[in-house]
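Printed here is model-v2.cif (mmCIF, C-alpha atoms (C1' of nucleotides)):
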data_coords
#
loop_
_atom_site.group_PDB
_atom_site.id
_atom_site.type_symbol
_atom_site.label_atom_id
_atom_site.label_comp_id
_atom_site.auth_asym_id
_atom_site.auth_seq_id
_atom_site.Cartn_x
_atom_site.Cartn_y
_atom_site.Cartn_z
ATOM 1 C CA MET U 1 0.000 0.000 0.000
ATOM 2 C CA ASN U 2 2.895 2.323 0.720
ATOM 3 C CA ALA U 3 4.824 3.699 -2.191
ATOM 4 C CA PRO U 4 8.483 2.624 -2.124
ATOM 5 C CA TRP U 5 10.918 5.198 -0.781
ATOM 6 C CA PRO U 6 12.418 7.178 -3.668
ATOM 7 C CA THR U 7 15.839 6.103 -4.859
ATOM 8 C CA THR U 8 16.541 8.777 -7.431
ATOM 9 C CA GLU U 9 16.157 12.541 -7.477
ATOM 10 C CA ALA U 10 13.496 12.223 -10.150
ATOM 11 C CA GLU U 11 11.432 9.930 -7.944
ATOM 12 C CA ALA U 12 11.845 12.189 -4.939
ATOM 13 C CA LEU U 13 10.721 15.195 -6.960
ATOM 14 C CA ALA U 14 7.649 13.261 -8.065
ATOM 15 C CA VAL U 15 6.805 12.463 -4.446
ATOM 16 C CA GLN U 16 7.078 16.118 -3.487
ATOM 17 C CA ASP U 17 4.814 17.040 -6.375
ATOM 18 C CA ALA U 18 2.217 14.544 -5.213
ATOM 19 C CA LEU U 19 2.331 15.432 -1.513
ATOM 20 C CA ARG U 20 2.522 19.185 -1.969
ATOM 21 C CA ALA U 21 -1.208 19.327 -2.761
ATOM 22 C CA ARG U 22 -1.957 17.948 0.698
ATOM 23 C CA VAL U 23 -0.435 20.844 2.609
ATOM 24 C CA GLU U 24 -3.184 22.620 4.547
ATOM 25 C CA GLN U 25 -3.384 26.292 5.399
ATOM 26 C CA ALA U 26 -4.594 27.497 8.787
ATOM 27 C CA ALA U 27 -6.037 30.715 10.142
ATOM 28 C CA GLU U 28 -4.186 32.722 12.761
ATOM 29 C CA GLY U 29 -4.963 31.388 16.225
ATOM 30 C CA ALA U 30 -6.006 27.979 14.906
ATOM 31 C CA VAL U 31 -3.119 26.409 16.800
ATOM 32 C CA VAL U 32 -2.609 27.242 20.475
ATOM 33 C CA PRO U 33 -0.308 24.406 21.546
ATOM 34 C CA ARG U 34 0.133 23.182 25.059
ATOM 35 C CA THR U 35 2.954 20.910 23.920
ATOM 36 C CA VAL U 36 5.413 20.880 21.027
ATOM 37 C CA ALA U 37 7.766 18.219 19.728
ATOM 38 C CA GLY U 38 11.301 19.231 18.859
ATOM 39 C CA LEU U 39 12.813 17.066 16.115
ATOM 40 C CA ASP U 40 16.429 16.659 15.153
ATOM 41 C CA VAL U 41 18.937 14.205 13.732
ATOM 42 C CA ALA U 42 22.640 13.683 14.426
ATOM 43 C CA TYR U 43 25.002 11.894 12.056
ATOM 44 C CA HIS U 44 27.904 9.550 12.522
ATOM 45 C CA GLU U 45 31.068 10.650 10.760
ATOM 46 C CA ASP U 46 30.376 8.121 8.030
ATOM 47 C CA GLY U 47 27.476 10.337 6.968
ATOM 48 C CA GLU U 48 25.211 7.320 6.893
ATOM 49 C CA ARG U 49 24.461 6.124 10.386
ATOM 50 C CA LEU U 50 22.249 8.484 12.334
ATOM 51 C CA ALA U 51 20.153 8.985 15.438
ATOM 52 C CA ALA U 52 16.828 10.831 15.397
ATOM 53 C CA ALA U 53 15.094 12.341 18.400
ATOM 54 C CA ALA U 54 11.618 13.624 19.186
ATOM 55 C CA VAL U 55 11.328 15.557 22.435
ATOM 56 C CA VAL U 56 7.976 16.796 23.699
ATOM 57 C CA LEU U 57 8.058 19.966 25.775
ATOM 58 C CA ASP U 58 5.401 21.817 27.719
ATOM 59 C CA VAL U 59 5.152 25.139 25.891
ATOM 60 C CA ARG U 60 4.641 27.113 29.082
ATOM 61 C CA THR U 61 7.271 25.575 31.341
ATOM 62 C CA HIS U 62 9.629 24.095 28.731
ATOM 63 C CA GLU U 63 9.582 20.926 30.820
ATOM 64 C CA VAL U 64 10.342 17.700 28.939
ATOM 65 C CA VAL U 65 7.115 15.706 28.868
ATOM 66 C CA ASP U 66 8.239 12.855 26.641
ATOM 67 C CA LEU U 67 11.287 11.788 24.677
ATOM 68 C CA ALA U 68 12.049 9.113 22.111
ATOM 69 C CA VAL U 69 15.093 8.336 20.031
ATOM 70 C CA THR U 70 15.920 5.888 17.280
ATOM 71 C CA VAL U 71 19.062 5.005 15.388
ATOM 72 C CA GLY U 72 19.263 4.002 11.758
ATOM 73 C CA ARG U 73 20.634 5.095 8.435
ATOM 74 C CA ALA U 74 20.182 8.055 6.139
ATOM 75 C CA ALA U 75 17.424 7.167 3.678
ATOM 76 C CA PHE U 76 18.692 9.369 0.857
ATOM 77 C CA PRO U 77 21.829 11.360 0.019
ATOM 78 C CA TYR U 78 21.925 15.000 1.024
ATOM 79 C CA VAL U 79 20.576 17.121 -1.795
ATOM 80 C CA PRO U 80 19.416 20.690 -1.079
ATOM 81 C CA GLY U 81 15.683 20.702 -1.740
ATOM 82 C CA LEU U 82 15.351 16.961 -1.156
ATOM 83 C CA PHE U 83 16.632 17.038 2.380
ATOM 84 C CA ALA U 84 13.464 15.536 3.862
ATOM 85 C CA PHE U 85 14.007 12.213 2.122
ATOM 86 C CA ARG U 86 17.134 11.770 4.168
ATOM 87 C CA GLU U 87 15.605 12.144 7.618
ATOM 88 C CA VAL U 88 11.850 11.587 7.435
ATOM 89 C CA PRO U 89 11.872 7.792 8.000
ATOM 90 C CA ALA U 90 13.976 8.061 11.146
ATOM 91 C CA LEU U 91 12.005 11.029 12.469
ATOM 92 C CA LEU U 92 8.721 9.205 11.909
ATOM 93 C CA ASP U 93 10.099 6.236 13.777
ATOM 94 C CA ALA U 94 11.036 8.448 16.717
ATOM 95 C CA LEU U 95 7.642 10.180 16.657
ATOM 96 C CA GLY U 96 5.977 6.791 16.652
ATOM 97 C CA ARG U 97 7.685 5.890 19.913
ATOM 98 C CA LEU U 98 6.221 8.817 21.804
ATOM 99 C CA ARG U 99 3.435 8.232 24.289
ATOM 100 C CA VAL U 100 2.390 11.869 24.324
ATOM 101 C CA GLU U 101 0.952 13.231 21.085
ATOM 102 C CA PRO U 102 2.466 16.723 20.617
ATOM 103 C CA ASP U 103 0.184 19.545 19.456
ATOM 104 C CA VAL U 104 2.699 20.784 16.901
ATOM 105 C CA LEU U 105 5.964 19.618 15.332
ATOM 106 C CA VAL U 106 8.941 21.985 15.400
ATOM 107 C CA CYS U 107 11.318 20.879 12.648
ATOM 108 C CA ASP U 108 14.996 21.595 12.161
ATOM 109 C CA GLY U 109 14.826 22.961 8.625
ATOM 110 C CA HIS U 110 12.360 24.770 6.357
ATOM 111 C CA GLY U 111 8.676 24.362 5.564
ATOM 112 C CA VAL U 112 7.345 26.257 2.541
ATOM 113 C CA ALA U 113 10.495 28.380 2.378
ATOM 114 C CA HIS U 114 11.626 25.841 -0.169
ATOM 115 C CA PRO U 115 12.165 25.915 -3.954
ATOM 116 C CA ARG U 116 9.010 23.851 -4.517
ATOM 117 C CA ARG U 117 7.243 24.958 -1.322
ATOM 118 C CA PHE U 118 7.622 21.536 0.288
ATOM 119 C CA GLY U 119 10.449 21.392 2.767
ATOM 120 C CA LEU U 120 10.924 18.992 5.687
ATOM 121 C CA ALA U 121 8.288 20.647 7.899
ATOM 122 C CA CYS U 122 5.638 20.322 5.166
ATOM 123 C CA HIS U 123 6.605 16.719 4.508
ATOM 124 C CA LEU U 124 6.427 15.693 8.163
ATOM 125 C CA GLY U 125 3.225 17.642 8.685
ATOM 126 C CA VAL U 126 1.476 16.043 5.747
ATOM 127 C CA VAL U 127 2.495 12.466 6.478
ATOM 128 C CA THR U 128 1.623 12.751 10.180
ATOM 129 C CA GLY U 129 -1.390 14.995 9.722
ATOM 130 C CA ARG U 130 -0.099 17.173 12.573
ATOM 131 C CA PRO U 131 0.446 20.934 12.605
ATOM 132 C CA ALA U 132 4.116 21.570 11.826
ATOM 133 C CA PHE U 133 6.545 24.376 11.060
ATOM 134 C CA GLY U 134 10.239 24.744 10.507
ATOM 135 C CA VAL U 135 12.963 26.756 12.220
ATOM 136 C CA ALA U 136 16.152 26.795 10.167
ATOM 137 C CA LYS U 137 19.517 28.249 11.063
ATOM 138 C CA THR U 138 20.387 29.306 7.520
ATOM 139 C CA PRO U 139 18.358 30.280 4.417
ATOM 140 C CA LEU U 140 17.566 28.036 1.480
ATOM 141 C CA VAL U 141 15.536 30.371 -0.723
ATOM 142 C CA GLY U 142 14.274 33.925 -0.583
ATOM 143 C CA ALA U 143 15.373 37.461 0.153
ATOM 144 C CA TRP U 144 14.863 39.573 3.251
ATOM 145 C CA ALA U 145 15.703 42.830 4.909
ATOM 146 C CA GLU U 146 17.778 42.717 8.067
ATOM 147 C CA PRO U 147 15.316 42.490 10.968
ATOM 148 C CA GLY U 148 15.589 44.850 13.935
ATOM 149 C CA PRO U 149 18.315 44.137 16.517
ATOM 150 C CA THR U 150 15.973 43.213 19.332
ATOM 151 C CA ARG U 151 14.591 39.840 20.381
ATOM 152 C CA GLY U 152 11.178 39.511 18.756
ATOM 153 C CA ASP U 153 12.008 41.638 15.716
ATOM 154 C CA SER U 154 11.367 40.006 12.352
ATOM 155 C CA ALA U 155 11.315 40.594 8.621
ATOM 156 C CA ALA U 156 9.477 38.917 5.760
ATOM 157 C CA LEU U 157 11.288 36.170 3.858
ATOM 158 C CA VAL U 158 10.182 36.613 0.259
ATOM 159 C CA ASP U 159 10.613 34.252 -2.667
ATOM 160 C CA GLY U 160 8.927 34.329 -6.035
ATOM 161 C CA GLY U 161 6.978 37.383 -4.978
ATOM 162 C CA GLU U 162 5.378 35.734 -1.971
ATOM 163 C CA GLU U 163 6.129 35.695 1.730
ATOM 164 C CA VAL U 164 7.323 32.152 2.394
ATOM 165 C CA GLY U 165 8.538 32.727 5.906
ATOM 166 C CA ARG U 166 9.916 35.139 8.473
ATOM 167 C CA VAL U 167 13.439 35.967 9.553
ATOM 168 C CA VAL U 168 13.219 36.153 13.339
ATOM 169 C CA ARG U 169 15.553 37.592 15.937
ATOM 170 C CA THR U 170 15.192 35.348 18.974
ATOM 171 C CA ARG U 171 17.895 37.107 20.995
ATOM 172 C CA ASP U 172 19.214 40.666 21.057
ATOM 173 C CA GLY U 173 22.033 41.179 18.602
ATOM 174 C CA VAL U 174 22.217 37.539 17.590
ATOM 175 C CA LYS U 175 21.928 36.085 14.098
ATOM 176 C CA PRO U 176 18.235 35.477 13.281
ATOM 177 C CA VAL U 177 16.522 32.151 12.513
ATOM 178 C CA PHE U 178 14.274 31.353 9.535
ATOM 179 C CA VAL U 179 10.724 30.354 10.410
ATOM 180 C CA SER U 180 8.291 28.962 7.861
ATOM 181 C CA VAL U 181 4.976 27.161 7.863
ATOM 182 C CA GLY U 182 4.864 23.436 7.356
ATOM 183 C CA HIS U 183 1.268 22.249 7.722
ATOM 184 C CA ARG U 184 -1.950 23.346 9.416
ATOM 185 C CA ILE U 185 -0.484 26.395 11.151
ATOM 186 C CA HIS U 186 -0.387 30.131 10.509
ATOM 187 C CA LEU U 187 2.979 31.815 10.002
ATOM 188 C CA GLY U 188 2.288 34.378 12.711
ATOM 189 C CA ASP U 189 1.558 31.625 15.207
ATOM 190 C CA ALA U 190 4.704 29.752 14.232
ATOM 191 C CA VAL U 191 6.749 32.889 14.837
ATOM 192 C CA LYS U 192 5.175 33.516 18.248
ATOM 193 C CA ILE U 193 5.705 29.931 19.305
ATOM 194 C CA THR U 194 9.316 30.069 18.162
ATOM 195 C CA ILE U 195 10.032 33.215 20.152
ATOM 196 C CA GLY U 196 8.355 31.720 23.197
ATOM 197 C CA LEU U 197 10.455 28.584 22.935
ATOM 198 C CA ALA U 198 13.708 30.469 22.433
ATOM 199 C CA ARG U 199 14.378 32.255 25.683
ATOM 200 C CA GLY U 200 17.967 31.861 26.738
ATOM 201 C CA PHE U 201 19.342 30.787 23.361
ATOM 202 C CA ARG U 202 18.988 31.475 19.663
ATOM 203 C CA LEU U 203 17.271 28.185 18.882
ATOM 204 C CA PRO U 204 13.994 26.906 20.353
ATOM 205 C CA GLU U 205 14.415 24.879 23.536
ATOM 206 C CA SER U 206 12.657 22.017 21.751
ATOM 207 C CA THR U 207 15.287 21.892 19.020
ATOM 208 C CA ARG U 208 18.104 22.090 21.548
ATOM 209 C CA ALA U 209 16.628 19.265 23.593
ATOM 210 C CA ALA U 210 16.234 17.082 20.513
ATOM 211 C CA ASP U 211 19.757 17.894 19.356
ATOM 212 C CA GLN U 212 21.186 16.881 22.701
ATOM 213 C CA ALA U 213 19.127 13.693 22.795
ATOM 214 C CA CYS U 214 20.069 12.410 19.356
ATOM 215 C CA ARG U 215 23.727 13.245 19.877
ATOM 216 C CA ALA U 216 23.757 11.268 23.081
ATOM 217 C CA ALA U 217 21.957 8.381 21.386
ATOM 218 C CA LEU U 218 24.455 8.395 18.541
ATOM 219 C CA ARG U 219 27.340 8.045 20.977
ATOM 220 C CA GLY U 220 25.568 5.336 22.894
ATOM 221 C CA ALA U 221 24.876 3.404 19.709
ATOM 222 C CA THR U 222 28.429 3.855 18.504
ATOM 223 C CA VAL U 223 30.203 3.025 21.727
ATOM 224 C CA GLY U 224 27.955 0.649 23.603
ATOM 225 C CA GLY U 225 26.089 -0.733 20.616
ATOM 226 C CA GLN U 226 22.878 -0.102 22.515
ATOM 227 C CA ILE U 227 20.934 2.946 23.558
ATOM 228 C CA GLY U 228 18.333 3.937 26.088
ATOM 229 C CA SER U 229 20.341 2.892 29.112
ATOM 230 C CA ALA U 230 21.025 6.421 30.236
ATOM 231 C CA SER U 231 17.430 7.175 31.136
ATOM 232 C CA PRO U 232 14.633 4.691 31.773
ATOM 233 C CA ALA U 233 12.161 7.307 30.552
ATOM 234 C CA VAL U 234 13.631 7.214 27.059
ATOM 235 C CA ARG U 235 12.242 4.829 24.527
ATOM 236 C CA GLY U 236 14.623 3.918 21.794
ATOM 237 C CA SER U 237 15.625 1.391 19.203
ATOM 238 C CA ALA U 238 18.945 0.195 17.913
ATOM 239 C CA THR U 239 17.624 -0.766 14.512
ATOM 240 C CA LEU U 240 15.498 0.857 11.877
ATOM 241 C CA GLY U 241 14.202 -1.529 9.245
ATOM 242 C CA PRO U 242 12.663 0.642 6.511
ATOM 243 C CA SER U 243 15.296 3.310 6.690
ATOM 244 C CA THR U 244 17.946 1.489 4.722
ATOM 245 C CA ALA U 245 20.838 3.037 2.877
ATOM 246 C CA HIS U 246 20.360 4.779 -0.403
ATOM 247 C CA ARG U 247 21.345 2.724 -3.418
ATOM 248 C CA GLY U 248 21.366 3.319 -7.138
ATOM 249 C CA LYS U 249 23.163 5.838 -9.285
ATOM 250 C CA GLY U 250 20.878 8.630 -10.248
ATOM 251 C CA ALA U 251 21.125 10.726 -7.128
ATOM 252 C CA GLY U 252 24.718 11.783 -6.685
ATOM 253 C CA VAL U 253 26.673 11.435 -3.476
ATOM 254 C CA VAL U 254 26.502 8.334 -1.311
ATOM 255 C "C1'" DG O 1 28.172 29.913 -17.856
ATOM 256 C "C1'" DC O 2 28.875 31.055 -12.647
ATOM 257 C "C1'" DG O 3 27.542 30.679 -7.941
ATOM 258 C "C1'" DA O 4 24.165 29.172 -4.179
ATOM 259 C "C1'" DC O 5 22.550 25.374 -1.957
ATOM 260 C "C1'" DA O 6 17.936 23.371 4.913
ATOM 261 C "C1'" DG O 7 21.029 19.271 7.519
ATOM 262 C "C1'" DA I 1 25.664 17.317 9.385
ATOM 263 C "C1'" DT I 2 30.768 16.927 11.175
ATOM 264 C "C1'" DC I 3 35.922 18.153 12.473
ATOM 265 C "C1'" DT I 4 36.395 20.869 18.163
ATOM 266 C "C1'" DT I 5 38.195 23.680 24.125
ATOM 267 C "C1'" DG I 6 39.135 27.290 25.636
ATOM 268 C "C1'" DT I 7 38.479 31.825 25.469
ATOM 269 C "C1'" DC I 8 37.071 36.789 24.653
ATOM 270 C "C1'" DG I 9 33.330 39.858 25.866
ATOM 271 C "C1'" DC I 10 29.062 41.748 28.020
#

Please express what this file holds, its structure, as structure tokens.
Amino acid sequence: MNAPWPTTEAEALAVQDALRARVEQAAEGAVVPRTVAGLDVAYHEDGERLAAAAVVLDVRTHEVVDLAVTVGRAAFPYVPGLFAFREVPALLDALGRLRVEPDVLVCDGHGVAHPRRFGLACHLGVVTGRPAFGVAKTPLVGAWAEPGPTRGDSAALVDGGEEVGRVVRTRDGVKPVFVSVGHRIHLGDAVKITIGLARGFRLPESTRAADQACRAALRGATVGGQIGSASPAVRGSATLGPSTAHRGKGAGVV
DNA sequence: GCGACAG
DNA sequence: ATCTTGTCGC
């Protein structure tokens, strides 16, 4: 029933074309999350083995409510614009191990601020059906004016004549982050949530927590060959069936 | 043709 | 993404 994971760039592009129509818009205020899930992936130096983490935080207190990690392999080579095909299988596996269903997914990358308006946040939102948005550290597409110097200041990220995201200053005098809608959420809400989650640091607490969790899992899997021993509250796996290595010759790097 | 190019 | 600890500055 499930379409096979794309092996070539042409196949991946076709998948994006098909899924793009399923992205849903949302009115401002439609999403008032009590919890968010921070998602991130860490790679082994071989560029193939990886660990993915999903950490659920209470939006108000930033307390970790749930956490799940999984280790596996990159499902596609890194190609700007096709980035999601590399991490989606592992991230879905991690999300599937959570006991608490997060109200919104905070992705490490872009949503519609993408050449074909279907970045990682859109992809994860569509396949999970959950509200989702992306917070990226660097731009992929678009132009913008330097936002004000104060935390909370922002500027429109424009591409192809449309606002595809917002460049947001989460801390005074610090390089801004790029926020864009993924699925079922309004850009203004995504920006507010991002600022609320980024208090002491540039990146949202959710992203930082996920980054720390997958890095730790990667070490555990590399050194001990097993993970999840550090904390009994963490659910993890040392294998990842579907997320096998990319094969074939039409997609570049391996 | 020459860069740029999420992680 | 990853290679990488201490250090300069507010």

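Atom CA of Ala209 of chain U is found 9.7 Å from atom CA of Ala37 of chain U.
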
Against chain O, which residues of chain U fall within 7 Å? For each one I want the closest pair of atoms and the distance in Å (one decimal), counting all atoms listed in the file, rows by chain and increasing residue number, as CSV.
residue,atom,partner,partner_atom,distance
U:Pro80,CA,O:DC5,C1',5.7
U:Phe83,CA,O:DA6,C1',6.9
U:Gly109,CA,O:DA6,C1',4.9
U:His110,CA,O:DA6,C1',5.9
U:Ala136,CA,O:DA6,C1',6.5
U:Thr138,CA,O:DA6,C1',6.9
U:Pro139,CA,O:DA6,C1',6.9
U:Leu140,CA,O:DA6,C1',5.8

Find the residue from U:His114, U:Arg169, U:Arg215, U:Arg202 that sits nearest to Val181 of chain U; use all atoms listed in the file when measuring.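 Of all the options, U:His114 lies closest to Val181 of chain U.
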
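Picked by the PyMOL selection byres ((chain U) within 10 of (chain I)) from the coordinates shown: Val41, Ala42, Tyr43, His44, Glu45, Asp46, Gly47, Leu50 and Tyr78 of chain U.
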
Serialized selection, C-alpha atoms, as an mmCIF file, in the frame of the given file:
data_model
loop_
_atom_site.group_PDB
_atom_site.id
_atom_site.type_symbol
_atom_site.label_atom_id
_atom_site.label_comp_id
_atom_site.auth_asym_id
_atom_site.auth_seq_id
_atom_site.Cartn_x
_atom_site.Cartn_y
_atom_site.Cartn_z
ATOM 1 C CA VAL U 41 18.937 14.205 13.732
ATOM 2 C CA ALA U 42 22.640 13.683 14.426
ATOM 3 C CA TYR U 43 25.002 11.894 12.056
ATOM 4 C CA HIS U 44 27.904 9.550 12.522
ATOM 5 C CA GLU U 45 31.068 10.650 10.760
ATOM 6 C CA ASP U 46 30.376 8.121 8.030
ATOM 7 C CA GLY U 47 27.476 10.337 6.968
ATOM 8 C CA LEU U 50 22.249 8.484 12.334
ATOM 9 C CA TYR U 78 21.925 15.000 1.024
#

Report as number ranges by chain all protein, DNA and RNA residues lying within 9 Å of Thr194 of chain U, evaluated on all atoms listed in the file, omitting residues in the same chain fewer than 4 positions from it. U: 106, 135, 168, 170, 179, 189-190, 198, 203-204

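For the atom pair formed by atom CA of His62 of chain U and atom CA of Val177 of chain U, the distance is 19.4 Å, given to one decimal.
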
Run the PyMOL selection byres ((chain U and resi 184-187) around 7) mentally over the shown coordinates, then write out the matched residues as JSON, numbers by chain, using the chain letters and numbers from the document. {"U": [24, 25, 26, 27, 28, 30, 31, 131, 132, 165, 180, 181, 183, 188, 189, 190, 191]}

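Coordinates place atom CA of Val65 of chain U at a distance of 17.3 Å from atom CA of Val32 of chain U.
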
I'd like to know which of U:Lys192, U:Arg130, U:Arg208, U:His123 is closest to Pro102 of chain U, using all atoms listed in the file.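 For Pro102 of chain U, the nearest of the given residues is U:Arg130.
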
I need the output of the PyMOL selection byres ((chain U and resi 86) around 10) for this file as a VMD selection string; which residues are they? (chain U and resid 48 73 to 79 82 to 85 87 to 91 120 243 245 to 246) or (chain O and resid 7)

Filtering to C-alpha atoms (C1' of nucleotides), could you give me those residues as a CSV table (one decimal), in the coordinates of the input?
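Saved the output as again.csv:
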chain,number,residue,atom,x,y,z
U,48,GLU,CA,25.2,7.3,6.9
U,73,ARG,CA,20.6,5.1,8.4
U,74,ALA,CA,20.2,8.1,6.1
U,75,ALA,CA,17.4,7.2,3.7
U,76,PHE,CA,18.7,9.4,0.9
U,77,PRO,CA,21.8,11.4,0.0
U,78,TYR,CA,21.9,15.0,1.0
U,79,VAL,CA,20.6,17.1,-1.8
U,82,LEU,CA,15.4,17.0,-1.2
U,83,PHE,CA,16.6,17.0,2.4
U,84,ALA,CA,13.5,15.5,3.9
U,85,PHE,CA,14.0,12.2,2.1
U,87,GLU,CA,15.6,12.1,7.6
U,88,VAL,CA,11.8,11.6,7.4
U,89,PRO,CA,11.9,7.8,8.0
U,90,ALA,CA,14.0,8.1,11.1
U,91,LEU,CA,12.0,11.0,12.5
U,120,LEU,CA,10.9,19.0,5.7
U,243,SER,CA,15.3,3.3,6.7
U,245,ALA,CA,20.8,3.0,2.9
U,246,HIS,CA,20.4,4.8,-0.4
O,7,DG,C1',21.0,19.3,7.5

How big is the axis-aligned box around all listed atoms of segment 101-109 of chain U once 5 Å goes on each side, and where's its centre, in Å to one decimal, as lines of an AutoDock Vina configuration file?
center_x = 7.6
center_y = 18.1
center_z = 14.9
size_x = 24.8
size_y = 19.7
size_z = 22.5
